[in-house]
Each structure stands twice: as structure tokens, then as C-alpha cells.
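Pasting input.cif here (mmCIF, C-alpha atoms):
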```
data_work
#
loop_
_atom_site.label_atom_id
_atom_site.label_comp_id
_atom_site.auth_asym_id
_atom_site.auth_seq_id
_atom_site.Cartn_x
_atom_site.Cartn_y
_atom_site.Cartn_z
CA MET E 1 -16.60 13.60 49.66
CA LYS E 2 -18.43 10.58 48.30
CA THR E 3 -19.43 12.59 45.33
CA LEU E 4 -15.84 12.87 44.11
CA PRO E 5 -15.45 9.26 42.97
CA LYS E 6 -18.83 9.59 41.31
CA ILE E 7 -17.73 12.63 39.36
CA LEU E 8 -14.56 10.93 38.21
CA LEU E 9 -16.36 7.73 37.34
CA LEU E 10 -19.02 9.55 35.33
CA SER E 11 -16.35 11.51 33.51
CA LEU E 12 -14.51 8.35 32.55
CA LEU E 13 -17.75 6.75 31.42
CA ALA E 14 -18.59 9.77 29.32
CA VAL E 15 -15.18 9.76 27.67
CA GLY E 16 -15.29 6.04 27.06
CA SER E 17 -18.75 6.06 25.59
CA GLN E 18 -17.85 8.93 23.27
CA LEU E 19 -14.77 7.11 22.07
CA ALA E 20 -16.85 4.03 21.40
CA TRP E 21 -19.62 6.00 19.73
CA THR E 22 -17.30 7.69 17.29
CA SER E 23 -15.36 4.51 16.55
CA CYS E 24 -12.25 6.57 16.86
CA VAL E 25 -9.92 3.69 16.25
CA ALA E 26 -10.89 1.16 13.64
CA ASP E 27 -9.10 -1.89 12.39
CA VAL E 28 -8.36 -1.40 8.73
CA GLY E 29 -6.93 -4.75 7.90
CA GLY E 30 -3.46 -5.05 6.58
CA GLY E 31 -2.05 -3.74 9.78
CA GLY E 32 -3.38 -0.20 9.55
CA TYR E 33 -5.55 1.76 11.92
CA TYR E 34 -7.70 4.81 11.34
CA SER E 35 -7.96 7.23 14.20
CA PRO E 36 -9.42 10.70 14.51
CA GLY E 37 -7.46 12.96 12.32
CA GLY E 38 -7.78 16.04 10.29
CA VAL E 39 -9.19 19.39 11.12
CA TRP E 40 -12.27 18.93 9.01
CA ILE E 41 -13.19 15.25 8.87
CA GLN E 42 -12.18 12.12 10.67
CA ASP E 43 -10.05 9.65 8.82
CA ASP E 44 -11.91 6.77 7.24
CA VAL E 45 -11.52 3.94 4.81
CA TRP E 46 -13.33 5.81 2.02
CA LEU E 47 -10.41 8.21 1.81
CA ASP E 48 -8.37 5.35 0.41
CA GLY E 49 -8.36 4.77 -3.31
CA GLY E 50 -5.79 7.26 -4.48
CA GLY E 51 -2.74 6.33 -6.44
CA ARG E 52 -1.92 5.87 -10.09
CA GLY E 53 -4.89 3.60 -10.69
CA TRP E 54 -5.04 2.73 -14.36
CA PHE E 55 -3.85 6.13 -15.56
CA GLY E 56 -0.29 5.00 -15.90
CA GLY E 57 -1.12 1.65 -17.35
CA HIS E 58 1.03 -0.07 -14.74
CA ASP E 59 -1.83 -1.78 -12.97
CA GLY E 60 -3.47 -4.78 -14.45
CA GLY E 61 -1.87 -4.51 -17.83
CA HIS E 62 -4.40 -2.18 -19.33
CA GLY E 63 -1.87 -0.53 -21.50
CA GLY E 64 -0.79 2.97 -20.73
CA GLY E 65 -2.23 6.14 -22.00
CA GLY E 66 -5.55 6.10 -20.22
CA GLY E 67 -7.13 9.29 -19.21
CA TYR E 68 -8.61 11.06 -22.15
CA ALA E 69 -9.98 14.37 -20.97
CA HIS E 70 -12.30 16.97 -22.35
CA PRO E 71 -10.79 20.02 -20.72
CA GLY E 72 -12.05 23.00 -22.50
CA GLY E 73 -10.63 25.67 -20.33
CA GLY E 74 -12.60 27.51 -17.72
CA GLY E 75 -15.52 25.81 -19.28
CA HIS E 76 -16.24 25.85 -22.96
CA ARG E 77 -19.65 27.17 -23.64
CA ARG E 78 -22.40 24.72 -24.36
CA MET Z 1 -7.74 22.35 58.29
CA LYS Z 2 -10.08 20.76 55.76
CA TYR Z 3 -10.44 21.88 52.21
CA ASP Z 4 -13.32 21.24 49.89
CA LEU Z 5 -11.60 19.53 46.98
CA ARG Z 6 -14.71 18.94 44.92
CA PRO Z 7 -14.23 21.97 42.62
CA PHE Z 8 -10.65 20.90 41.99
CA PHE Z 9 -11.63 17.37 41.01
CA LEU Z 10 -14.51 18.61 38.91
CA CYS Z 11 -12.24 20.93 36.95
CA THR Z 12 -9.69 18.16 36.52
CA ALA Z 13 -12.32 15.80 35.19
CA MET Z 14 -13.58 18.44 32.75
CA ALA Z 15 -10.04 19.13 31.57
CA ILE Z 16 -9.42 15.43 30.96
CA PHE Z 17 -12.67 15.17 29.07
CA ALA Z 18 -11.86 18.14 26.89
CA PHE Z 19 -8.36 16.85 26.18
CA VAL Z 20 -9.30 13.36 25.05
CA SER Z 21 -12.62 14.20 23.46
CA PRO Z 22 -12.66 12.78 19.91
CA THR Z 23 -14.81 15.60 18.62
CA PRO Z 24 -13.14 16.85 15.43
CA ALA Z 25 -11.14 20.00 15.84
CA ARG Z 26 -12.64 23.14 14.45
CA ALA Z 27 -10.91 24.98 11.70
CA GLU Z 28 -12.02 28.51 12.26
CA ASN Z 29 -9.19 29.75 10.10
CA PHE Z 30 -10.35 28.23 6.85
CA PRO Z 31 -10.11 31.26 4.56
CA ALA Z 32 -12.99 32.65 2.57
CA LEU Z 33 -12.91 31.79 -1.12
CA ASN Z 34 -13.37 35.43 -2.07
CA THR Z 35 -11.92 38.43 -0.26
CA PRO Z 36 -13.79 40.71 -0.46
CA ALA Z 37 -16.89 38.61 -0.81
CA VAL Z 38 -18.83 38.59 -4.05
CA ALA Z 39 -22.54 38.13 -4.46
CA GLY Z 40 -22.46 35.66 -7.30
CA HIS Z 41 -22.78 31.91 -7.00
CA LEU Z 42 -21.93 29.41 -9.70
CA PRO Z 43 -23.40 26.08 -8.61
CA GLY Z 44 -21.69 23.18 -10.31
CA LYS Z 45 -18.30 24.86 -10.56
CA LEU Z 46 -15.19 23.16 -9.14
CA ILE Z 47 -14.10 25.73 -6.56
CA TRP Z 48 -11.82 23.89 -4.13
CA ALA Z 49 -9.99 20.62 -3.59
CA ASP Z 50 -8.40 18.92 -0.60
CA LEU Z 51 -5.51 16.51 -0.77
CA PHE Z 52 -5.78 13.83 1.89
CA THR Z 53 -2.31 12.46 2.46
CA THR Z 54 -0.16 10.54 4.91
CA ASN Z 55 2.89 12.56 3.86
CA PRO Z 56 2.05 16.27 4.11
CA GLU Z 57 5.63 17.48 3.84
CA ALA Z 58 6.40 15.68 0.59
CA ALA Z 59 3.06 16.60 -0.96
CA SER Z 60 3.37 20.25 0.00
CA ALA Z 61 6.89 20.51 -1.38
CA PHE Z 62 5.79 18.90 -4.64
CA TYR Z 63 2.83 21.14 -5.40
CA CYS Z 64 4.54 24.33 -4.28
CA GLY Z 65 7.57 23.46 -6.37
CA LEU Z 66 5.53 22.45 -9.40
CA LEU Z 67 2.80 25.06 -9.50
CA GLY Z 68 4.25 27.95 -7.54
CA TRP Z 69 1.63 27.56 -4.82
CA THR Z 70 2.40 28.88 -1.36
CA ALA Z 71 1.55 26.83 1.71
CA MET Z 72 0.10 28.24 4.91
CA PRO Z 73 -0.11 25.67 7.72
CA LEU Z 74 -2.99 25.89 10.17
CA GLU Z 75 -3.16 24.08 13.44
CA HIS Z 76 -5.93 23.51 15.90
CA LYS Z 77 -5.57 21.30 18.94
CA GLY Z 78 -2.58 19.63 17.40
CA LYS Z 79 -4.35 18.78 14.15
CA GLY Z 80 -2.85 20.25 11.04
CA TYR Z 81 -4.21 21.52 7.76
CA THR Z 82 -2.45 23.46 5.05
CA ILE Z 83 -3.93 26.10 2.78
CA PHE Z 84 -2.44 26.29 -0.70
CA SER Z 85 -2.68 29.67 -2.38
CA ASN Z 86 -2.12 30.42 -6.03
CA ASP Z 87 -0.90 33.95 -6.62
CA GLY Z 88 -2.43 34.96 -3.30
CA THR Z 89 -5.77 33.24 -3.83
CA PRO Z 90 -6.61 30.16 -1.71
CA VAL Z 91 -7.27 27.28 -4.10
CA ALA Z 92 -6.72 24.03 -2.22
CA GLY Z 93 -6.10 22.39 1.11
CA LEU Z 94 -3.99 19.57 2.46
CA SER Z 95 -5.39 17.39 5.19
CA PRO Z 96 -3.01 14.96 6.90
CA ARG Z 97 -4.35 11.46 7.34
CA SER Z 98 -3.92 9.66 10.60
CA VAL Z 99 -3.94 6.17 9.16
CA ALA Z 100 -0.74 4.24 9.65
CA GLY Z 101 0.62 0.81 9.12
CA ALA Z 102 -0.45 0.30 5.55
CA ASN Z 103 -0.01 1.81 2.13
CA HIS Z 104 -2.49 4.61 1.57
CA PRO Z 105 -1.80 6.75 -1.49
CA SER Z 106 -2.91 10.35 -1.36
CA ARG Z 107 -6.27 11.30 -2.77
CA TRP Z 108 -7.59 14.59 -4.15
CA ILE Z 109 -11.24 15.38 -3.46
CA GLY Z 110 -12.77 18.26 -5.37
CA TYR Z 111 -15.51 20.53 -4.01
CA ILE Z 112 -18.42 21.58 -6.17
CA ALA Z 113 -20.19 24.87 -5.55
CA VAL Z 114 -23.76 24.58 -4.26
CA THR Z 115 -26.20 27.23 -3.06
CA ASP Z 116 -28.19 25.11 -0.58
CA ILE Z 117 -26.12 22.30 0.82
CA SER Z 118 -28.95 20.73 2.82
CA ALA Z 119 -31.17 20.50 -0.23
CA THR Z 120 -28.27 19.16 -2.29
CA LEU Z 121 -27.50 16.44 0.24
CA SER Z 122 -31.12 15.35 0.13
CA ALA Z 123 -31.00 15.25 -3.66
CA VAL Z 124 -27.77 13.26 -3.55
CA GLU Z 125 -29.30 10.59 -1.36
CA LYS Z 126 -32.43 10.49 -3.47
CA ALA Z 127 -30.31 9.98 -6.58
CA GLY Z 128 -28.42 7.06 -5.03
CA GLY Z 129 -25.44 8.77 -3.48
CA VAL Z 130 -24.23 8.58 0.12
CA VAL Z 131 -23.29 11.32 2.57
CA ARG Z 132 -19.76 10.59 3.78
CA ALA Z 133 -19.16 13.73 5.83
CA PRO Z 134 -22.25 15.66 6.93
CA SER Z 135 -22.51 19.36 6.37
CA ARG Z 136 -20.34 21.44 8.66
CA LYS Z 137 -20.18 25.21 8.95
CA PHE Z 138 -16.90 27.10 9.07
CA ALA Z 139 -16.82 30.73 10.06
CA ASP Z 140 -15.38 32.37 6.97
CA ARG Z 141 -15.69 29.51 4.50
CA GLY Z 142 -19.34 28.52 4.57
CA ARG Z 143 -20.77 25.03 4.77
CA GLN Z 144 -19.15 21.96 3.32
CA ALA Z 145 -19.80 18.25 3.11
CA ILE Z 146 -18.50 15.20 1.28
CA ILE Z 147 -20.62 12.68 -0.55
CA ALA Z 148 -19.97 9.50 -2.48
CA ASP Z 149 -21.51 9.56 -5.94
CA ARG Z 150 -23.23 6.56 -7.53
CA ASP Z 151 -19.82 5.15 -8.43
CA GLY Z 152 -18.55 5.52 -4.88
CA LEU Z 153 -16.26 8.42 -5.73
CA PRO Z 154 -15.96 10.99 -2.94
CA VAL Z 155 -16.97 14.49 -4.01
CA GLY Z 156 -17.05 17.59 -1.85
CA LEU Z 157 -19.84 20.16 -1.76
CA LEU Z 158 -19.19 23.73 -0.71
CA GLU Z 159 -21.74 26.43 -0.02
CA SER Z 160 -19.39 29.38 0.03
CA SER Z 161 -20.40 32.25 2.28
CA SER Z 162 -18.28 34.66 0.25
CA GLY Z 163 -19.62 33.73 -3.18
CA ASP Z 164 -17.92 31.61 -5.79
CA PRO Z 165 -14.84 32.51 -7.84
CA MET Z 166 -16.03 34.12 -11.04
CA ASP Z 167 -15.96 32.37 -14.37
CA GLY Z 168 -13.50 33.36 -17.02
CA ASP Z 169 -9.92 32.41 -17.61
CA PRO Z 170 -8.60 30.59 -14.56
CA LYS Z 171 -5.10 31.72 -13.69
CA ALA Z 172 -2.27 29.32 -14.26
CA GLY Z 173 -2.17 27.18 -11.13
CA ALA Z 174 -5.94 27.27 -10.60
CA TRP Z 175 -8.55 24.55 -11.08
CA ASN Z 176 -9.87 24.37 -14.59
CA TRP Z 177 -11.99 21.29 -14.99
CA PHE Z 178 -12.76 17.85 -13.58
CA GLU Z 179 -13.10 14.53 -15.26
CA LEU Z 180 -14.88 11.38 -14.14
CA TYR Z 181 -13.88 7.97 -15.48
CA VAL Z 182 -16.64 5.46 -14.83
CA ARG Z 183 -18.15 2.25 -16.15
CA SER Z 184 -21.46 3.72 -17.26
CA PRO Z 185 -21.13 7.39 -18.23
CA GLN Z 186 -24.82 7.66 -19.02
CA ASP Z 187 -25.88 6.54 -15.52
CA THR Z 188 -23.27 8.74 -13.90
CA ALA Z 189 -24.42 11.70 -15.96
CA ALA Z 190 -27.99 11.10 -14.79
CA PHE Z 191 -26.80 11.09 -11.17
CA TYR Z 192 -25.01 14.42 -11.52
CA ARG Z 193 -28.01 15.89 -13.33
CA ASP Z 194 -30.43 14.80 -10.62
CA ALA Z 195 -28.22 15.36 -7.58
CA LEU Z 196 -26.35 18.52 -8.52
CA GLY Z 197 -28.52 20.04 -11.20
CA TYR Z 198 -26.06 19.88 -14.08
CA ALA Z 199 -27.17 20.14 -17.65
CA VAL Z 200 -25.94 17.00 -19.36
CA ALA Z 201 -24.92 16.88 -22.99
CA PRO Z 202 -23.37 14.05 -24.97
CA GLU Z 203 -19.90 14.82 -26.18
CA THR Z 204 -20.09 15.94 -29.79
CA LYS Z 205 -16.77 14.63 -31.03
CA PRO Z 206 -17.30 11.61 -33.28
CA ASP Z 207 -14.89 9.37 -31.36
CA THR Z 208 -16.42 10.08 -27.95
CA LYS Z 209 -20.00 8.94 -28.36
CA SER Z 210 -20.25 7.54 -24.85
CA ASP Z 211 -18.85 10.67 -23.19
CA PHE Z 212 -20.80 13.44 -21.53
CA VAL Z 213 -20.15 17.02 -20.53
CA LEU Z 214 -21.60 18.49 -17.33
CA SER Z 215 -22.54 22.14 -17.63
CA SER Z 216 -24.04 24.85 -15.46
CA SER Z 217 -24.63 28.53 -16.11
CA MET Z 218 -23.87 27.82 -19.78
CA GLN Z 219 -20.34 26.72 -18.92
CA GLY Z 220 -18.82 23.29 -19.16
CA ARG Z 221 -17.65 22.19 -15.72
CA GLY Z 222 -16.58 18.60 -16.10
CA GLY Z 223 -16.57 15.55 -18.28
CA ILE Z 224 -17.55 11.94 -17.92
CA ALA Z 225 -15.68 9.32 -19.88
CA PRO Z 226 -15.75 5.52 -19.88
CA MET Z 227 -12.91 3.84 -18.06
CA PRO Z 228 -11.12 0.79 -19.39
CA ASP Z 229 -12.69 -2.62 -18.96
CA GLY Z 230 -11.47 -4.96 -16.28
CA ASP Z 231 -12.50 -5.98 -12.80
CA SER Z 232 -9.39 -4.47 -11.26
CA VAL Z 233 -10.03 -1.07 -12.81
CA LYS Z 234 -11.63 1.42 -10.45
CA PRO Z 235 -13.60 4.58 -11.26
CA ALA Z 236 -11.60 7.75 -10.84
CA TRP Z 237 -12.10 11.47 -10.28
CA LEU Z 238 -9.47 13.76 -11.74
CA GLY Z 239 -9.07 17.45 -11.03
CA VAL Z 240 -7.42 19.43 -13.82
CA ILE Z 241 -5.24 22.49 -13.22
CA ARG Z 242 -4.33 25.07 -15.82
CA VAL Z 243 -0.63 25.66 -16.38
CA GLN Z 244 1.05 28.30 -18.51
CA ASN Z 245 3.57 25.99 -20.14
CA LEU Z 246 2.83 22.28 -19.96
CA ASP Z 247 6.22 21.08 -21.15
CA ALA Z 248 8.07 23.28 -18.70
CA THR Z 249 5.82 22.11 -15.87
CA LEU Z 250 6.22 18.45 -16.76
CA ALA Z 251 9.98 18.90 -16.91
CA LYS Z 252 9.94 19.60 -13.18
CA VAL Z 253 7.84 16.59 -12.19
CA ALA Z 254 10.54 13.94 -11.93
CA GLY Z 255 12.94 16.23 -10.09
CA LEU Z 256 10.27 16.84 -7.48
CA GLY Z 257 9.68 13.13 -7.01
CA GLY Z 258 6.60 12.78 -9.19
CA GLU Z 259 5.87 10.90 -12.37
CA VAL Z 260 4.18 11.69 -15.65
CA LEU Z 261 1.45 9.07 -16.05
CA VAL Z 262 -0.11 10.24 -19.29
CA ALA Z 263 2.18 12.07 -21.68
CA PRO Z 264 1.09 15.44 -23.03
CA HIS Z 265 -1.26 15.25 -25.95
CA THR Z 266 -3.69 17.51 -27.73
CA VAL Z 267 -7.33 17.40 -26.69
CA GLU Z 268 -10.35 19.51 -27.51
CA PHE Z 269 -9.95 22.98 -28.97
CA GLY Z 270 -6.22 22.49 -29.21
CA SER Z 271 -5.60 22.31 -25.47
CA ARG Z 272 -2.70 20.13 -24.38
CA PHE Z 273 -3.26 17.80 -21.49
CA ALA Z 274 -1.27 15.40 -19.28
CA ILE Z 275 -1.78 13.45 -16.06
CA ILE Z 276 0.81 13.31 -13.31
CA LEU Z 277 1.37 11.42 -10.06
CA ASP Z 278 2.76 13.25 -7.06
CA PRO Z 279 5.33 11.52 -4.83
CA THR Z 280 2.63 10.62 -2.30
CA GLY Z 281 0.27 8.99 -4.80
CA GLY Z 282 -2.08 11.85 -5.66
CA THR Z 283 -3.05 12.27 -9.32
CA ILE Z 284 -3.95 15.49 -11.12
CA GLY Z 285 -4.40 16.58 -14.70
CA LEU Z 286 -2.61 19.57 -16.19
CA VAL Z 287 -3.85 21.54 -19.17
CA GLU Z 288 -2.31 24.32 -21.24
CA TYR Z 289 -4.26 26.58 -23.54
CA ILE Z 290 -2.40 26.62 -26.81
CA ASP Z 291 -1.08 30.07 -27.68
CA GLY Z 292 -2.70 31.31 -24.53
CA ALA Z 293 -6.12 31.20 -26.12
CA ASN Z 294 -8.86 30.26 -23.71
CA PRO Z 295 -10.92 27.44 -25.18
CA ALA Z 296 -13.82 28.86 -23.16
CA ASN Z 297 -14.13 31.45 -25.86
CA THR Z 298 -14.11 28.93 -28.66
CA PRO Z 299 -17.52 28.87 -30.31
#
```
Here is the file; what I need is its structure written in the form of C-alpha cells.
Amino acid sequence: MKTLPKILLLSLLAVGSQLAWTSCVADVGGGGYYSPGGVWIQDDVWLDGGGRGWFGGHDGGHGGGGGYAHPGGGGHRR
Amino acid sequence: MKYDLRPFFLCTAMAIFAFVSPTPARAENFPALNTPAVAGHLPGKLIWADLFTTNPEAASAFYCGLLGWTAMPLEHKGKGYTIFSNDGTPVAGLSPRSVAGANHPSRWIGYIAVTDISATLSAVEKAGGVVRAPSRKFADRGRQAIIADRDGLPVGLLESSSGDPMDGDPKAGAWNWFELYVRSPQDTAAFYRDALGYAVAPETKPDTKSDFVLSSSMQGRGGIAPMPDGDSVKPAWLGVIRVQNLDATLAKVAGLGGEVLVAPHTVEFGSRFAIILDPTGGTIGLVEYIDGANPANTP
């Protein structure tokens, strides 16, 4: 029966090391935390950056109306 | 009577390990882009986009209400993902974010068609990009990855195992174009040429001398435009969706909790274009072909 504590201990070590390896919980700053999430990728700081940005002209006083676009349909021929 | 409890403890330990393992859940139900599959590939084409959001319910309600998309939730080991379909065709996904405790606006990430994702990732790194999410294979979907381009903008790559959606008129509610707003369009254009194989051409309109168009298979796929000056201004990626009636679509935005950021205006070939903000902070462009004429056929 001495092998039982060993099995449990090794299992806990394996779980702990995997958690540490994947940095599953990371301090974001500002009170937020990223943890594993999503079916396809883990959450991370590089997913930040959405929002109105300068498109609406409400940030930084750049004057509205940004966002010229070329859209030419399903792709205008070149 | 003595029992050998070792198998019991071993199974318990394995169950605990499997339960708390941080290995990302698999999404075997990601649908194929084409059913039935097609043989053709169109590298460089915008063929998918994921919305990463902390508020899946609000985002889903907004896009379904605005564009007529239908939402099909998937779940695997308690992790959710939603497939958005446009007239029965899967066009986008919604991936809930786990971050909490701070303000994190939603972000759209578009996926560009590639034919050899491993070779493309190597080219991306050689051109100065970074691999954010390594290539992963999904049963019906193919292989996908996410990179950061030279401006730090996340861009998805998708090697579809069912071929790429054919060129031609995208349906209303489908992806039409993408636009990059960056500090140095010329450098960004060189990155996309070297990393993703685009043909790069300067915009021909007289007032857009610093703009570029990215093309592949003789089709324009996206544009690169300079962003406004200012240290607080960040580069941006914008996916553009075709709508049948821009004014009618924009009229629904506020009622669904969104906001029109850039009012409708006429752009190339008479298309009308606007930019909107969804209630969770995601931004998309909307374009209408005037009189239903596809600018793709404009000489």
C-alpha cells in the first residue's frame, strides 16, 4: 500500500507542473486575470485591443470620421 | 477481508488529472467551410472571423439581430463557442473570453486562407511577425493558427480541408473585404507580400497615394491605409461585411445596443460604407453595392 501515496503525490505534481507550465492564470494588471478559456485558444493579453479605437473620433480628439476604406466588393479585379 | 485499493486510487488520480488539466478543449464540431467540399483554394481570401468577447449573449443577439445570422452554440468540457451562419453557411465564430475584472472590449480576428499553414507560419516569422497561437488541426475545419503581423495586429490563418468559399458576389451578411489602418502602409504591405504572398499595388485614386491594395488570384482582398497621427492611436484591423441595404441596417444598430462610428459615405466604385461598434466593443465595417452592382465586375 505504500505505492498509493506515491501515485497520488505524483498525480498532484503532474497537475501542478502543468498548470505552472501553461501559465493558466496570469495577472493582467488593473485587477483582471486571464485563465484558460475558449475552445480553440487560451485567453491572453494580445486578445485585448478591441473597442472603438479612433474610428469614432472619441479617443484622443482625433476628430471623427476616421476609417476610409477601399471596399470594392468581393474583390475588385486588379 | 482485505481489498486491493490501488486500482481505485489510480483511477481517481487519473480522473482528477483529466478534470483539472489545462489542456485546451477540442472543438471537434467546428463545421467545414464548404459542404460538400470543393477542390479550389483561394489563398489570401478572408474566409472566417472569430469574435473574442467577454459578453457572448449580448454580442450574439446584436449580430443575429443586425445581419440575420443564426447562432449555433457548441460546448466541449464546459467551454463554449458559437457558430454564426449566414443563410445556412457558417461565416464566423464567437469565442467567450475568460478574462474578468477589467474592461476588455470585444475584438474581431479575421482568418486568411492559406494552402500550407506550416510554410506560411515560417514565412510570417521570417518577415517579422509572431506566432500567437500555433497551428492546430480540427477534424472538419482544417488547420488554423493566429499570428501577429508587423504592427502587432492579430490575424488568423486557415488551411481549410474543404476548400475555400468561391469568389464572386458575397451574399449579404458575408465577409467582403478587410482593411488595415497602420502607421507605415508601405512596410505593412511588404510584410503581407512576403508573409502571405499577396500581390501589392498602390491605390490608384489620386487622394490615396499612401494606400495599398492586397490582391491574390487577380482579386482584391484587402486594403492598407494610413491611420491618424498620434501616440495614442493604435493600428487596427477591420473586417467588412456586405449588406443589402446599408441605411436599413444602420437604422437597427442603436436599437440593438450598438453605435454608428463612421457615418455612411460613398467609397470606391460607388459602394457605400460605414463602421459600427457592437454593444460589447467589437467594430466591423458594412458595405452596400449601389444598385446591387458588384464592384468586383467594375473594370
Practice task
Identify, on the basis of all atoms listed in the file, every residue whose closest approach to range 139-145 of chain Z does not exceed 9 Å; exclude the query and any residue fewer than 2 positions from it along the same chain; express the result as a count of residues only.
Solution key: 26
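Taking all atoms listed in the file into account, Asp44 in chain E lies nearest to Z:Val99 out of the set Z:Ile112, Z:Leu42, Z:Val99, Z:Val253.
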Handout entry: Residues matched by the PyMOL selection byres ((chain Z and resi 211-217) around 6), written as a VMD selection string
Key = chain Z and resid 44 198 to 203 208 to 210 218 to 225
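As for CA of Trp177 in chain Z and CA of Val240 in chain Z, they are spaced 5.1 Å apart.
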Practice task
Can you work out which one of Z:Ala123, Z:Leu286, Z:Pro170, Z:Ile276 has the shortest atom-to-atom distance to Gly197 in chain Z, counting all atoms listed in the file?
Solution key: Z:Ala123
Exercise for the section: Find the spatial neighbours of Gly258 in chain Z, counting only C-alpha atoms, within a cut-off of 8 Å - ignore same-chain residues fewer than 4 positions away - and output them as a ChimeraX atom specification. Expected result: /Z:62,253-254,276-279
Practice task
Using the chain letters and numbers from the file, give me the residues hit by the PyMOL selection byres ((chain E and resi 48) around 8), as a PyMOL selection string.
Solution key: (chain E and resi 44-47+49-50) or (chain Z and resi 104-107)
Completion exercise
Between CA of Asp149 in chain Z and CA of Asn103 in chain Z lies a distance of 24.2 Å
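Straight-line separation from CA of Leu238 in chain Z to CA of Lys79 in chain Z: 26.9 Å.
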Problem - Spatial sel., origin (-1.7, 26.3, -19.3), limit 6 Å, all atoms listed in the file, listed as an NGL selection string - result: :Z and (172 or 242-245 or 287-289)
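Candidate residues Z:Leu250, Z:Ala58, Z:Leu196, Z:Leu51 were compared for distance to chain E, and the nearest is Z:Leu51, using only C-alpha atoms.
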Practice task
Could you state which residues are captured by the PyMOL selection byres ((chain Z and resi 285) around 12) in this file, as a ChimeraX atom specification?
Solution key: /E:52,55,66-71 /Z:108,173-180,237-243,246,249-250,259-265,272-278,282-284,286-288
